[in-house]
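Note: the block below is my_file_3.txt and it holds compact mmCIF, C-alpha atoms.
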```txt
# COMPACT_ATOMS: atom_id res chain seq x y z
CA MET A 1 10.48 81.30 61.69
CA LYS A 2 9.58 78.97 58.88
CA HIS A 3 6.38 77.11 59.55
CA VAL A 4 7.97 73.71 59.21
CA LEU A 5 10.41 74.65 61.99
CA LYS A 6 7.47 75.50 64.23
CA ILE A 7 6.06 72.03 63.63
CA PHE A 8 9.42 70.40 64.28
CA SER A 9 9.82 72.23 67.58
CA LEU A 10 6.32 71.18 68.58
CA LEU A 11 7.15 67.55 67.79
CA LEU A 12 10.41 67.95 69.69
CA VAL A 13 8.58 69.15 72.78
CA ILE A 14 6.09 66.28 72.55
CA SER A 15 8.95 63.79 72.14
CA ALA A 16 10.74 65.26 75.14
CA LEU A 17 7.58 64.87 77.19
CA TRP A 18 7.26 61.26 76.04
CA ILE A 19 10.88 60.44 76.91
CA GLY A 20 10.36 62.16 80.24
CA LEU A 21 7.34 59.96 80.92
CA LEU A 22 9.38 56.86 80.01
CA GLN A 23 12.14 57.82 82.40
CA ALA A 24 9.91 58.91 85.27
CA SER A 25 7.84 55.72 85.11
CA ILE A 26 4.66 57.45 86.18
CA LEU A 27 2.66 55.21 83.89
CA PRO A 28 3.33 51.50 83.26
CA GLN A 29 6.20 51.19 80.75
CA SER A 30 4.22 49.08 78.29
CA HIS A 31 1.59 51.80 77.97
CA THR A 32 4.08 54.60 77.69
CA TRP A 33 5.81 52.94 74.73
CA LEU A 34 2.54 52.89 72.88
CA LEU A 35 1.71 56.57 73.47
CA PRO A 36 2.99 57.76 70.08
CA ILE A 37 0.73 55.23 68.36
CA TYR A 38 -2.25 56.42 70.39
CA PHE A 39 -1.35 59.98 69.52
CA ILE A 40 -1.16 59.36 65.78
CA VAL A 41 -4.34 57.31 65.74
CA SER A 42 -6.23 59.99 67.70
CA LEU A 43 -4.95 62.64 65.32
CA GLY A 44 -6.18 60.56 62.40
CA CYS A 45 -9.57 60.02 64.02
CA TYR A 46 -9.86 63.72 64.79
CA GLY A 47 -9.07 64.54 61.19
CA LEU A 48 -11.69 62.12 59.91
CA LEU A 49 -14.19 63.55 62.37
CA MET A 50 -13.49 67.06 61.12
CA VAL A 51 -13.96 65.95 57.54
CA GLY A 52 -17.22 64.19 58.39
CA VAL A 53 -18.63 67.07 60.42
CA GLY A 54 -17.59 69.56 57.78
CA LEU A 55 -19.20 67.48 55.10
CA MET A 56 -22.49 67.29 57.00
CA ARG A 57 -22.48 71.02 57.68
CA PHE A 58 -21.21 71.99 54.21
CA PRO A 59 -23.02 75.21 53.43
CA THR A 60 -24.99 75.07 50.21
CA CYS A 61 -26.93 77.75 48.43
CA PRO A 62 -29.37 76.41 45.85
CA GLN A 63 -31.28 79.68 45.84
CA GLU A 64 -28.15 81.41 44.57
CA ALA A 65 -28.31 79.51 41.31
CA LEU A 66 -31.81 80.84 40.77
CA LEU A 67 -30.82 84.38 41.65
CA LEU A 68 -27.94 84.08 39.25
CA GLN A 69 -30.24 83.04 36.43
CA GLN A 70 -32.37 86.11 37.12
CA ASP A 71 -29.30 88.33 37.12
CA ILE A 72 -28.15 86.83 33.84
CA ALA A 73 -31.52 87.47 32.21
CA GLU A 74 -31.55 91.05 33.45
CA ALA A 75 -28.00 91.61 32.24
CA LYS A 76 -28.67 90.13 28.84
CA GLY A 77 -31.72 92.33 28.40
CA PHE A 78 -29.88 95.52 29.22
CA LEU A 79 -26.79 94.68 27.20
CA LYS A 80 -28.72 93.68 24.09
CA GLN A 81 -30.48 97.04 24.19
CA SER A 82 -27.18 98.82 24.57
CA GLY A 83 -25.60 97.22 21.56
CA VAL A 84 -23.38 94.65 23.23
CA ASP A 85 -23.29 91.26 21.57
CA VAL A 86 -24.73 88.71 23.98
CA GLY A 87 -26.21 86.40 21.42
CA CYS A 88 -23.71 83.61 21.71
CA LYS A 89 -23.90 80.51 23.98
CA MET B 1 -10.58 111.33 57.65
CA GLU B 2 -11.82 111.25 54.08
CA GLN B 3 -10.31 108.29 52.29
CA LYS B 4 -10.48 108.31 48.53
CA ASN B 5 -10.19 104.69 47.57
CA LYS B 6 -10.11 103.42 44.02
CA TYR B 7 -10.60 99.75 43.29
CA SER B 8 -8.98 98.03 40.33
CA ILE B 9 -10.81 94.81 39.51
CA ILE B 10 -8.60 92.41 37.60
CA ILE B 11 -10.43 89.71 35.67
CA PRO B 12 -8.35 87.20 33.70
CA THR B 13 -10.35 85.79 30.80
CA TYR B 14 -10.11 83.01 28.29
CA ASN B 15 -13.13 82.32 26.06
CA GLU B 16 -15.60 84.22 28.21
CA ARG B 17 -17.32 86.34 25.58
CA LEU B 18 -20.73 86.10 27.21
CA ASN B 19 -19.70 85.99 30.86
CA ILE B 20 -17.45 89.02 30.63
CA ALA B 21 -20.36 91.18 29.42
CA LEU B 22 -22.60 89.84 32.17
CA ILE B 23 -20.03 90.34 34.87
CA VAL B 24 -19.22 93.91 33.79
CA TYR B 25 -22.92 94.77 33.85
CA LEU B 26 -23.31 93.29 37.32
CA ILE B 27 -20.23 95.08 38.66
CA PHE B 28 -21.56 98.42 37.46
CA LYS B 29 -24.95 97.57 38.93
CA HIS B 30 -23.61 96.71 42.38
CA LEU B 31 -20.83 99.29 42.71
CA ARG B 32 -22.74 102.49 42.08
CA GLY B 33 -20.98 105.38 43.73
CA VAL B 34 -17.70 103.52 44.06
CA ASP B 35 -14.58 104.64 42.23
CA PHE B 36 -13.41 101.58 40.33
CA GLU B 37 -11.97 100.28 37.08
CA ILE B 38 -12.19 96.84 35.51
CA ILE B 39 -9.04 95.41 33.95
CA VAL B 40 -9.71 92.54 31.60
CA VAL B 41 -6.61 90.45 30.97
CA ASP B 42 -7.54 88.31 28.02
CA ASP B 43 -5.14 85.61 26.85
CA GLY B 44 -5.88 85.77 23.17
CA SER B 45 -9.33 84.17 23.30
CA PRO B 46 -10.38 82.79 19.93
CA ASP B 47 -14.09 83.24 20.69
CA GLY B 48 -14.15 87.00 20.31
CA THR B 49 -14.00 87.95 24.00
CA GLN B 50 -11.93 91.01 23.18
CA GLU B 51 -14.49 92.26 20.65
CA VAL B 52 -17.17 92.10 23.33
CA VAL B 53 -14.91 93.96 25.77
CA LYS B 54 -14.45 96.71 23.19
CA GLN B 55 -18.23 97.04 22.94
CA LEU B 56 -18.38 97.27 26.72
CA GLN B 57 -15.75 99.99 26.58
CA LYS B 58 -17.98 101.99 24.24
CA LEU B 59 -20.86 101.55 26.63
CA TYR B 60 -19.13 102.21 29.95
CA GLY B 61 -16.06 104.18 28.97
CA GLU B 62 -12.47 103.24 28.33
CA ASP B 63 -11.43 104.68 31.66
CA ARG B 64 -13.71 102.26 33.50
CA VAL B 65 -13.25 99.13 31.38
CA LEU B 66 -9.66 98.48 30.45
CA LEU B 67 -8.63 95.80 27.99
CA ARG B 68 -5.05 94.66 28.49
CA PRO B 69 -4.72 91.48 26.44
CA ARG B 70 -1.87 89.02 26.06
CA PRO B 71 -1.06 86.95 22.99
CA LYS B 72 -1.83 83.53 24.44
CA LYS B 73 -2.58 81.55 27.60
CA LEU B 74 0.22 82.47 29.95
CA GLY B 75 -1.13 81.50 33.36
CA LEU B 76 -3.06 83.08 36.17
CA GLY B 77 -0.22 84.45 38.25
CA THR B 78 1.29 86.35 35.38
CA ALA B 79 -2.19 87.57 34.39
CA TYR B 80 -2.49 89.24 37.80
CA ILE B 81 0.99 90.71 37.52
CA HIS B 82 0.13 92.01 34.05
CA GLY B 83 -3.11 93.51 35.32
CA LEU B 84 -1.33 95.05 38.31
CA LYS B 85 0.95 97.01 35.99
CA HIS B 86 -2.10 98.82 34.60
CA ALA B 87 -3.97 99.24 37.87
CA SER B 88 -4.43 102.82 38.97
CA GLY B 89 -6.37 102.04 42.13
CA ASN B 90 -4.95 101.69 45.63
CA PHE B 91 -6.90 98.47 46.09
CA VAL B 92 -7.05 95.48 43.77
CA VAL B 93 -9.81 92.89 43.50
CA ILE B 94 -9.23 89.58 41.79
CA MET B 95 -12.14 87.46 40.68
CA ASP B 96 -13.11 84.81 38.17
CA ALA B 97 -14.83 85.70 34.92
CA ASP B 98 -17.25 82.80 34.81
CA LEU B 99 -19.77 84.23 37.31
CA SER B 100 -18.93 81.69 40.01
CA HIS B 101 -17.94 84.85 41.88
CA HIS B 102 -20.91 87.20 42.05
CA PRO B 103 -20.16 90.94 41.93
CA LYS B 104 -22.83 91.57 44.55
CA TYR B 105 -20.26 90.63 47.21
CA LEU B 106 -17.85 93.38 46.16
CA LEU B 107 -19.51 95.88 48.47
CA SER B 108 -19.14 93.57 51.47
CA PHE B 109 -15.43 93.15 50.67
CA ILE B 110 -15.03 96.93 50.53
CA LYS B 111 -17.05 97.48 53.70
CA LYS B 112 -15.06 94.87 55.60
CA GLN B 113 -11.79 96.44 54.58
CA VAL B 114 -12.89 99.94 55.55
CA GLU B 115 -14.24 98.72 58.89
CA THR B 116 -11.17 96.74 59.87
CA GLY B 117 -8.37 98.40 57.93
CA ALA B 118 -7.33 94.97 56.70
CA SER B 119 -4.70 94.53 54.02
CA ILE B 120 -6.50 91.57 52.48
CA VAL B 121 -10.15 90.56 52.47
CA THR B 122 -10.74 87.07 51.18
CA GLY B 123 -14.02 85.43 50.30
CA THR B 124 -14.78 82.15 51.99
CA ARG B 125 -17.28 79.59 50.82
CA TYR B 126 -17.03 77.44 53.91
CA VAL B 127 -18.63 79.52 56.65
CA LYS B 128 -22.21 80.27 57.57
CA GLY B 129 -23.59 82.83 55.14
CA GLY B 130 -21.41 81.44 52.41
CA GLY B 131 -21.85 78.29 50.42
CA VAL B 132 -21.47 76.34 47.26
CA HIS B 133 -23.95 75.21 44.65
CA GLY B 134 -23.37 72.64 41.96
CA TRP B 135 -20.98 70.32 43.79
CA ASN B 136 -21.79 66.65 44.18
CA LEU B 137 -20.92 64.66 47.30
CA MET B 138 -17.55 63.53 45.98
CA ARG B 139 -16.52 67.06 45.20
CA LYS B 140 -17.57 68.27 48.64
CA LEU B 141 -15.72 65.40 50.26
CA THR B 142 -12.45 66.12 48.52
CA SER B 143 -12.84 69.82 49.16
CA ARG B 144 -13.43 69.25 52.86
CA GLY B 145 -10.65 66.67 53.11
CA ALA B 146 -8.20 68.94 51.35
CA ASN B 147 -9.18 71.80 53.59
CA VAL B 148 -8.74 69.81 56.83
CA LEU B 149 -5.35 68.60 55.66
CA ALA B 150 -4.22 72.08 54.73
CA GLN B 151 -5.49 73.56 58.00
CA THR B 152 -3.69 70.88 60.04
CA LEU B 153 -0.40 71.27 58.21
CA LEU B 154 -0.25 74.96 57.46
CA TRP B 155 -2.29 76.77 60.16
CA PRO B 156 -3.10 79.40 57.54
CA GLY B 157 -5.50 81.56 59.54
CA VAL B 158 -8.16 81.55 56.82
CA SER B 159 -10.95 79.07 56.26
CA ASP B 160 -10.89 79.00 52.44
CA LEU B 161 -7.39 78.56 51.07
CA THR B 162 -8.08 77.95 47.39
CA GLY B 163 -10.62 80.72 46.90
CA SER B 164 -9.74 83.33 44.31
CA PHE B 165 -12.23 86.08 45.13
CA ARG B 166 -10.12 88.54 47.07
CA LEU B 167 -9.50 92.20 47.78
CA TYR B 168 -5.90 93.26 48.30
CA ARG B 169 -4.29 96.55 49.18
CA LYS B 170 -2.29 97.12 46.01
CA SER B 171 1.07 97.39 47.75
CA VAL B 172 0.39 94.16 49.62
CA LEU B 173 -0.54 92.27 46.46
CA GLU B 174 2.64 93.48 44.78
CA ASP B 175 4.68 92.32 47.75
CA VAL B 176 3.08 88.89 48.06
CA ILE B 177 2.87 88.05 44.37
CA SER B 178 6.56 88.66 43.84
CA SER B 179 7.41 85.73 46.11
CA CYS B 180 4.90 83.23 44.70
CA VAL B 181 5.91 80.64 42.13
CA SER B 182 3.13 78.05 42.07
CA LYS B 183 0.50 77.56 39.40
CA GLY B 184 -3.26 77.16 39.42
CA TYR B 185 -5.10 76.85 42.68
CA VAL B 186 -1.88 76.11 44.59
CA PHE B 187 -0.95 79.65 43.54
CA GLN B 188 -4.03 80.99 45.35
CA MET B 189 -3.05 78.97 48.42
CA GLU B 190 0.52 80.19 48.24
CA MET B 191 -0.61 83.82 48.05
CA ILE B 192 -2.76 83.70 51.14
CA VAL B 193 -0.33 81.58 53.16
CA ARG B 194 2.61 83.87 52.34
CA ALA B 195 0.51 86.89 53.22
CA SER B 196 -0.40 85.26 56.50
CA ARG B 197 3.25 84.46 57.28
CA LYS B 198 4.26 88.03 56.52
CA GLY B 199 1.81 89.14 59.16
CA TYR B 200 -0.63 91.00 56.94
CA HIS B 201 -4.06 91.67 58.43
CA ILE B 202 -6.45 89.30 56.67
CA GLU B 203 -10.22 89.34 57.06
CA GLU B 204 -12.85 87.01 55.57
CA VAL B 205 -16.34 87.56 54.23
CA PRO B 206 -18.76 84.76 53.35
CA ILE B 207 -19.45 84.36 49.65
CA THR B 208 -21.55 82.00 47.63
CA PHE B 209 -20.03 80.09 44.79
CA VAL B 210 -22.18 78.77 41.98
CA ASP B 211 -20.19 76.26 40.01
CA ARG B 212 -21.28 76.69 36.43
CA VAL B 213 -19.08 74.07 34.91
CA PHE B 214 -21.46 71.15 35.10
CA GLY B 215 -20.10 67.69 35.47
CA SER B 216 -16.53 68.85 35.53
CA SER B 217 -14.77 66.32 37.61
CA LYS B 218 -11.42 68.00 37.96
CA LEU B 219 -10.44 65.37 40.44
CA GLY B 220 -8.31 62.78 38.81
CA GLY B 221 -5.42 61.21 40.64
CA SER B 222 -3.06 63.73 39.12
CA GLU B 223 -5.02 66.63 40.62
CA ILE B 224 -4.72 65.09 44.07
CA VAL B 225 -1.00 64.49 43.60
CA GLU B 226 -0.54 68.09 42.47
CA TYR B 227 -2.38 69.29 45.53
CA LEU B 228 -0.29 67.19 47.92
CA LYS B 229 2.90 68.35 46.22
CA GLY B 230 1.68 71.93 46.57
CA LEU B 231 0.95 71.41 50.28
CA ALA B 232 4.38 69.90 50.87
CA TYR B 233 6.01 72.78 49.03
CA LEU B 234 4.10 75.33 51.10
CA LEU B 235 4.86 73.45 54.29
CA VAL B 236 8.56 73.63 53.70
CA THR B 237 8.98 77.01 52.07
CA THR B 238 6.62 79.30 53.97
```
Would you encode the structure as structure tokens?
Amino acid sequence: MKHVLKIFSLLLVISALWIGLLQASILPQSHTWLLPIYFIVSLGCYGLLMVGVGLMRFPTCPQEALLLQQDIAEAKGFLKQSGVDVGCK
Amino acid sequence: MEQKNKYSIIIPTYNERLNIALIVYLIFKHLRGVDFEIIVVDDGSPDGTQEVVKQLQKLYGEDRVLLRPRPKKLGLGTAYIHGLKHASGNFVVIMDADLSHHPKYLLSFIKKQVETGASIVTGTRYVKGGGVHGWNLMRKLTSRGANVLAQTLLWPGVSDLTGSFRLYRKSVLEDVISSCVSKGYVFQMEMIVRASRKGYHIEEVPITFVDRVFGSSKLGGSEIVEYLKGLAYLLVTT
């Protein structure tokens, strides 16, 4: 099944639940009408939270830059000896 | 069961005369005892990249370092397809030529694949053990935001969608690449999402990514629009 169809069916199920809640009047009608708004806002907040948390925990590797410089020096040394042109840049 | 695996490493290049020599040296250093070949797909670099590759061929052998150039810049996807035609291995690695992808991770890709029998092993920068260096806050923010959006919409099953350091079983790469039409980094996303939809076994290994293009703010409004268009396309067609 195409992914977008999966999403549509999920939305369909959620909508059916919402309509069911409206009909069954388990919650006060005024609140039930606003449920989709709550849902979208919570989704947005969750997304922002994920972005923020991910940003804080973004893995960095400053030592890798150093290691890379060492590797480059080693490579240049070997290649120069072996007749490969590494003079540029 | 003795498995004789050969790895074809495809490296598209454009104006990488120094980096290609460095990366070939590092690959040979880190893959001792592994049966592999390096396929350099150069798009007619004016800086003499191909001359350097020929020197590397003299040093390491023409059967280990293959030069398969093209007349001009023709795009990444077609560079992989071109390289694939000349690949004699049963596994294919794709990586960048500018040393943002370090060859020292090649062994962990290979190990992961042998351990799990996966069809694709993709490098991820976003998990513990991986990481990025050289990105400012803005860059990290857009990367994280883009990732969260893509995860929410596409449920791709991998943590790093735009990464281009990957190991593919050759037959799988041929299958997936034939159905991809995007360009640039959306192409990388399309590849992994299509592979995921087709049910291929995908594993991840952490990699570190050292961004060597200082101050490159590839994040104008047009880049963001392109990304959103790419996401929408993938949402609807995969």
Give one line per residue of chain A that approaches chain B to at most 9 Å, naming the two atoms of the closest pair and their distance in Å to one decimal, counting all atoms listed in the file; sort by chain then ascending residue number and deliver it as JSON lines.
```
{"residue": "A:Met1", "atom": "CA", "partner": "B:Thr238", "partner_atom": "CA", "distance": 8.9}
{"residue": "A:Lys2", "atom": "CA", "partner": "B:Thr238", "partner_atom": "CA", "distance": 5.7}
{"residue": "A:His3", "atom": "CA", "partner": "B:Thr238", "partner_atom": "CA", "distance": 6.0}
{"residue": "A:Val4", "atom": "CA", "partner": "B:Val236", "partner_atom": "CA", "distance": 5.5}
{"residue": "A:Leu5", "atom": "CA", "partner": "B:Val236", "partner_atom": "CA", "distance": 8.6}
{"residue": "A:Ile7", "atom": "CA", "partner": "B:Leu153", "partner_atom": "CA", "distance": 8.5}
{"residue": "A:Gly47", "atom": "CA", "partner": "B:Val148", "partner_atom": "CA", "distance": 6.8}
{"residue": "A:Leu48", "atom": "CA", "partner": "B:Gly145", "partner_atom": "CA", "distance": 8.2}
{"residue": "A:Met50", "atom": "CA", "partner": "B:Val148", "partner_atom": "CA", "distance": 7.0}
{"residue": "A:Val51", "atom": "CA", "partner": "B:Gly145", "partner_atom": "CA", "distance": 5.6}
{"residue": "A:Gly52", "atom": "CA", "partner": "B:Leu141", "partner_atom": "CA", "distance": 8.4}
{"residue": "A:Gly54", "atom": "CA", "partner": "B:Arg144", "partner_atom": "CA", "distance": 6.5}
{"residue": "A:Leu55", "atom": "CA", "partner": "B:Leu141", "partner_atom": "CA", "distance": 6.3}
{"residue": "A:Phe58", "atom": "CA", "partner": "B:Tyr126", "partner_atom": "CA", "distance": 6.9}
{"residue": "A:Pro59", "atom": "CA", "partner": "B:Gly131", "partner_atom": "CA", "distance": 4.5}
{"residue": "A:Thr60", "atom": "CA", "partner": "B:Gly131", "partner_atom": "CA", "distance": 4.5}
{"residue": "A:Cys61", "atom": "CA", "partner": "B:His133", "partner_atom": "CA", "distance": 5.4}
{"residue": "A:Pro62", "atom": "CA", "partner": "B:His133", "partner_atom": "CA", "distance": 5.7}
{"residue": "A:Gln63", "atom": "CA", "partner": "B:His133", "partner_atom": "CA", "distance": 8.7}
{"residue": "A:Glu64", "atom": "CA", "partner": "B:Val210", "partner_atom": "CA", "distance": 7.0}
{"residue": "A:Ala65", "atom": "CA", "partner": "B:Val210", "partner_atom": "CA", "distance": 6.2}
{"residue": "A:Leu68", "atom": "CA", "partner": "B:His102", "partner_atom": "CA", "distance": 8.2}
{"residue": "A:Asp71", "atom": "CA", "partner": "B:Leu26", "partner_atom": "CA", "distance": 7.8}
{"residue": "A:Ile72", "atom": "CA", "partner": "B:Leu22", "partner_atom": "CA", "distance": 6.5}
{"residue": "A:Ala75", "atom": "CA", "partner": "B:Leu22", "partner_atom": "CA", "distance": 5.7}
{"residue": "A:Lys76", "atom": "CA", "partner": "B:Leu22", "partner_atom": "CA", "distance": 6.9}
{"residue": "A:Phe78", "atom": "CA", "partner": "B:Tyr25", "partner_atom": "CA", "distance": 8.4}
{"residue": "A:Leu79", "atom": "CA", "partner": "B:Ala21", "partner_atom": "CA", "distance": 7.7}
{"residue": "A:Ser82", "atom": "CA", "partner": "B:Leu59", "partner_atom": "CA", "distance": 7.2}
{"residue": "A:Gly83", "atom": "CA", "partner": "B:Gln55", "partner_atom": "CA", "distance": 7.5}
{"residue": "A:Val84", "atom": "CA", "partner": "B:Gln55", "partner_atom": "CA", "distance": 5.7}
{"residue": "A:Asp85", "atom": "CA", "partner": "B:Val52", "partner_atom": "CA", "distance": 6.4}
{"residue": "A:Val86", "atom": "CA", "partner": "B:Leu18", "partner_atom": "CA", "distance": 5.8}
{"residue": "A:Gly87", "atom": "CA", "partner": "B:Leu18", "partner_atom": "CA", "distance": 8.0}
{"residue": "A:Cys88", "atom": "CA", "partner": "B:Leu18", "partner_atom": "CA", "distance": 6.7}
{"residue": "A:Lys89", "atom": "CA", "partner": "B:Leu18", "partner_atom": "CA", "distance": 7.2}
```
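Comparing B:Thr124, B:Thr13, B:Ser108, B:Ser88 by their smallest distance to His30 (chain B), the closest is B:Ser108 (using all atoms listed in the file).
One finds CA of Leu31 (chain B) at 7.5 Å from CA of Leu106 (chain B).
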Check: Out of B:Gly61, B:Gly157, B:Pro12, B:Gly123, which residue has the shortest atom-to-atom distance to Ile110 (chain B) when counting all atoms listed in the file?
Finding: B:Gly123
Next item on the list: Record the distance separating CA of Gly33 (chain B) and CA of Leu107 (chain B), expressed in Å with one decimal.
Entry: 10.7 Å
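Computed from the coordinates, the CA of Gly199 (chain B) to CA of Gln151 (chain B) distance equals 17.2 Å.
The environment of Glu204 (chain B) within 9 Å, counting all atoms listed in the file and disregarding residues fewer than 2 places along the same chain, consists of Phe109, Lys112, Ile120, Val121, Thr122, Gly123, Thr124, Val158, Ser159, Asp160, Ile202 and Pro206 of chain B.
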Export, as a compact mmCIF listing (two decimals), in the coordinates of the input, the selected residues with C-alpha atoms.
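Output below, filename out_11.txt:
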```txt
# COMPACT_ATOMS: atom_id res chain seq x y z
CA PHE B 109 -15.43 93.15 50.67
CA LYS B 112 -15.06 94.87 55.60
CA ILE B 120 -6.50 91.57 52.48
CA VAL B 121 -10.15 90.56 52.47
CA THR B 122 -10.74 87.07 51.18
CA GLY B 123 -14.02 85.43 50.30
CA THR B 124 -14.78 82.15 51.99
CA VAL B 158 -8.16 81.55 56.82
CA SER B 159 -10.95 79.07 56.26
CA ASP B 160 -10.89 79.00 52.44
CA ILE B 202 -6.45 89.30 56.67
CA PRO B 206 -18.76 84.76 53.35
```
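Shortest separation to His31 (chain A) among A:Trp18, A:Leu66, A:Leu43, A:Leu49 occurs at residue A:Trp18, atoms counted being only C-alpha atoms.
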Item checked: Long-range neighbours of Ala87 (chain B) as a PyMOL selection string, 8 Å cut-off, all atoms listed in the file, 4 positions minimum in chain -> chain B and resi 8+39+83+92
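Using all atoms listed in the file, the nearest neighbour of Pro71 (chain B) within the list B:Asp42, B:Asp96, B:Val172, B:Lys85 is B:Asp42.
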Show me, as a PDB file with C-alpha atoms, in the coordinates of the input, the residues that have an atom within 12 Å of Leu35 (chain A) when counting all atoms listed in the file, minus same-chain residues fewer than 4 positions from it.
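Saved result, selection_35.pdb, follows:
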```
ATOM      1  CA  ILE A  14       6.090  66.280  72.550  1.00  0.00           C
ATOM      2  CA  SER A  15       8.950  63.790  72.140  1.00  0.00           C
ATOM      3  CA  LEU A  17       7.580  64.870  77.190  1.00  0.00           C
ATOM      4  CA  TRP A  18       7.260  61.260  76.040  1.00  0.00           C
ATOM      5  CA  ILE A  19      10.880  60.440  76.910  1.00  0.00           C
ATOM      6  CA  LEU A  21       7.340  59.960  80.920  1.00  0.00           C
ATOM      7  CA  LEU A  22       9.380  56.860  80.010  1.00  0.00           C
ATOM      8  CA  LEU A  27       2.660  55.210  83.890  1.00  0.00           C
ATOM      9  CA  PRO A  28       3.330  51.500  83.260  1.00  0.00           C
ATOM     10  CA  GLN A  29       6.200  51.190  80.750  1.00  0.00           C
ATOM     11  CA  SER A  30       4.220  49.080  78.290  1.00  0.00           C
ATOM     12  CA  HIS A  31       1.590  51.800  77.970  1.00  0.00           C
ATOM     13  CA  PHE A  39      -1.350  59.980  69.520  1.00  0.00           C
ATOM     14  CA  ILE A  40      -1.160  59.360  65.780  1.00  0.00           C
ATOM     15  CA  VAL A  41      -4.340  57.310  65.740  1.00  0.00           C
ATOM     16  CA  SER A  42      -6.230  59.990  67.700  1.00  0.00           C
TER      17      SER A  42
END
```
Determine the axis-aligned bounding box of all atoms of region 1-14 of chain A present in the file, pad each side by 3 Å, and express its centre and edge lengths in Å to one decimal place as AutoDock Vina command-line options.
```
--center_x 8.3 --center_y 73.8 --center_z 65.8 --size_x 10.4 --size_y 21.0 --size_z 19.9
```
Checklist line | For Leu161 (chain B), the nearest of the candidates B:Glu223, B:Glu203, B:Glu37, B:Glu190, counting only C-alpha atoms | finding: B:Glu190
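The smallest atom-to-atom distance between Val65 (chain B) and any of B:Leu84, B:Gly48, B:Ile27, B:Asp43, using only C-alpha atoms, is found for B:Ile27.
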